[in-house]
$ cat target.cif   # mmCIF, C-alpha atoms
data_my_file
loop_
_atom_site.label_atom_id
_atom_site.label_comp_id
_atom_site.auth_asym_id
_atom_site.auth_seq_id
_atom_site.Cartn_x
_atom_site.Cartn_y
_atom_site.Cartn_z
CA MET A 1 16.62 5.02 3.49
CA SER A 2 13.28 6.73 3.96
CA ILE A 3 10.05 5.13 2.79
CA GLU A 4 8.18 8.14 1.40
CA ILE A 5 4.49 8.08 0.64
CA THR A 6 2.44 10.88 -0.91
CA TYR A 7 -1.27 11.12 -0.16
CA ASN A 8 -3.49 14.17 -0.78
CA ASP A 9 -0.40 16.29 -1.50
CA LYS A 10 1.18 15.47 1.88
CA GLU A 11 4.38 13.50 2.39
CA TYR A 12 4.38 10.58 4.82
CA GLU A 13 6.92 8.00 5.89
CA LEU A 14 6.87 4.66 7.68
CA LYS A 15 8.76 4.37 10.95
CA TYR A 16 8.84 1.51 13.41
CA ASN A 17 10.22 1.08 16.92
CA LEU A 18 9.80 -1.60 19.59
CA LYS A 19 6.71 0.05 21.07
CA ARG A 20 5.03 0.19 17.65
CA ILE A 21 5.97 -3.43 16.95
CA GLU A 22 4.44 -4.50 20.28
CA MET A 23 1.23 -2.67 19.39
CA ILE A 24 1.15 -4.26 15.92
CA GLU A 25 1.81 -7.75 17.25
CA SER A 26 -0.95 -7.28 19.82
CA GLN A 27 -3.43 -6.45 17.04
CA THR A 28 -2.28 -9.10 14.56
CA SER A 29 -1.81 -11.82 17.22
CA MET A 30 1.39 -12.89 15.47
CA PRO A 31 5.07 -12.07 15.96
CA THR A 32 6.47 -9.90 13.19
CA VAL A 33 9.16 -12.36 12.08
CA ALA A 34 6.64 -15.23 12.02
CA GLN A 35 4.29 -13.05 9.97
CA ILE A 36 7.00 -12.27 7.42
CA GLN A 37 8.12 -15.90 7.19
CA LYS A 38 4.58 -17.27 6.96
CA THR A 39 3.48 -14.85 4.26
CA LEU A 40 6.87 -14.42 2.53
CA GLY A 41 6.31 -10.69 3.01
CA TYR A 42 2.90 -10.64 1.32
CA PHE A 43 0.83 -9.72 4.34
CA GLY A 44 -2.89 -10.38 4.50
CA VAL A 45 -4.88 -7.21 3.83
CA LYS A 46 -6.06 -6.84 7.44
CA ASP A 47 -2.55 -7.18 8.84
CA LEU A 48 -1.02 -5.00 6.12
CA LYS A 49 -3.46 -2.23 7.07
CA ILE A 50 -2.30 -2.52 10.68
CA TYR A 51 1.40 -2.36 9.75
CA LEU A 52 0.84 0.68 7.54
CA GLN A 53 -1.51 2.44 9.95
CA MET A 54 0.71 1.94 12.97
CA GLY A 55 3.93 3.03 11.24
CA LEU A 56 2.69 6.13 9.44
CA LYS A 57 4.13 9.56 10.25
CA GLU A 58 3.85 12.82 8.41
CA LYS A 59 7.31 13.47 7.00
CA GLY A 60 9.46 15.28 9.56
CA ALA A 61 6.88 14.91 12.35
CA ASP A 62 7.63 13.33 15.71
CA ALA A 63 4.13 11.95 16.28
CA PHE A 64 2.47 9.13 14.41
CA VAL A 65 -0.63 9.90 12.32
CA MET A 66 -3.87 9.50 14.24
CA PRO A 67 -5.54 6.09 13.71
CA LYS A 68 -8.53 7.10 11.56
CA PRO A 69 -6.65 9.16 8.93
CA ALA A 70 -3.79 6.62 8.99
CA LEU A 71 -6.25 3.83 8.21
CA GLU A 72 -7.65 5.84 5.29
CA ILE A 73 -4.14 6.29 3.89
CA ALA A 74 -3.30 2.61 4.45
CA GLU A 75 -6.42 1.49 2.56
CA ALA A 76 -5.64 3.87 -0.31
CA LEU A 77 -2.07 2.53 -0.55
CA ILE A 78 -3.26 -1.06 -0.64
CA LYS A 79 -5.86 -0.31 -3.33
CA GLN A 80 -3.32 1.62 -5.37
CA ASP A 81 -0.63 -1.09 -5.31
CA TYR A 82 -0.78 -3.97 -2.85
CA GLN A 83 2.71 -5.28 -3.66
CA ASN A 84 4.34 -1.86 -3.21
CA ALA A 85 2.50 -1.42 0.10
CA CYS A 86 3.98 -4.73 1.31
CA GLY A 87 7.38 -3.58 0.09
CA TYR A 88 7.10 -0.29 1.98
CA VAL A 89 6.47 -2.17 5.21
CA LEU A 90 9.28 -4.68 4.66
CA ASP A 91 11.79 -1.97 3.73
CA ALA A 92 10.88 0.13 6.77
CA LEU A 93 11.04 -2.88 9.10
CA GLU A 94 14.44 -3.87 7.73
CA ARG A 95 15.74 -0.33 8.23
CA ASP A 96 14.21 0.31 11.67
CA CYS A 97 14.33 -3.20 13.15
CA PRO A 98 17.43 -4.86 11.67
CA PHE A 99 17.49 -7.33 14.58
CA PHE A 100 14.59 -9.15 12.86
CA PHE A 101 16.71 -9.82 9.79
CA ARG A 102 20.09 -10.94 11.15
CA ALA A 103 21.48 -13.92 9.31
CA ASP A 104 23.78 -15.50 11.89
#
$ encode --input "target.cif" --output "structure tokens"
Amino acid sequence: MSIEITYNDKEYELKYNLKRIEMIESQTSMPTVAQIQKTLGYFGVKDLKIYLQMGLKEKGADAFVMPKPALEIAEALIKQDYQNACGYVLDALERDCPFFFRAD
């Protein structure tokens, strides 16, 4: 499942990998699973911006979007629909990092 986002007539998607998660956790000062459990998936605005900004890629591109334009897109997504923005992050994390969500 691809999390597709349209902004200024361009298509974007959220993608996460271990390196990105390490970078996010460094900025949020909280492990991802703890963050999800603590907030029940409704991230604080500051942390949600970080998750969106750090996971944003132009659709089909190998590289992540540069920080400044990614932050602009993240802020627009949050203002447009905070709950959907949280959902985008959770869906992408579940798809890309299923090891966070194992129910053993």
$ resolve_selection --input "target.cif" --expression "the PyMOL selection byres ((chain A and resi 84) around 12)" --output "number ranges by chain"
A: 3-5, 41-43, 48, 52, 74, 76-83, 85-91
$ resolve_selection --input "target.cif" --expression "the PyMOL selection byres ((chain A and resi 61) around 12)" --output "list in words"
Lys10, Glu11, Tyr12, Glu13, Leu14, Lys15, Leu56, Lys57, Glu58, Lys59, Gly60, Asp62, Ala63, Phe64 and Val65 of chain A
$ resolve_selection --input "target.cif" --expression "the PyMOL selection byres ((chain A and resi 16) around 6)" --output "NGL selection string"
:A and (15 or 17 or 20 or 55 or 96)
$ residues_around --input "target.cif" --residues "Lys68 of chain A" --least-positions-apart "6" --cutoff "12 Å" --atoms "all atoms listed in the file" --output "ChimeraX atom specification"
/A:49-50,53-54,56,74-75
$ closest_residue --input "target.cif" --among "A:Tyr51, A:Lys38, A:Leu71, A:Tyr7" --to "Ser26 of chain A" --atoms "all atoms listed in the file"
A:Tyr51
$ atom_distance --input "target.cif" --atom1 "atom CA of Ile21 of chain A" --atom2 "atom CA of Asn8 of chain A"
26.7 Å
$ atom_distance --input "target.cif" --atom1 "atom CA of Asp47 of chain A" --atom2 "atom CA of Pro31 of chain A"
11.5 Å
$ axis_aligned_box --input "target.cif" --around "segment 19-28 of chain A" --padding-each-side "8 Å" --output "lines of an AutoDock Vina configuration file"
center_x = 1.6
center_y = -4.5
center_z = 17.8
size_x = 26.1
size_y = 25.3
size_z = 22.5
$ atom_distance --input "target.cif" --atom1 "atom CA of Lys19 of chain A" --atom2 "atom CA of Cys97 of chain A"
11.5 Å
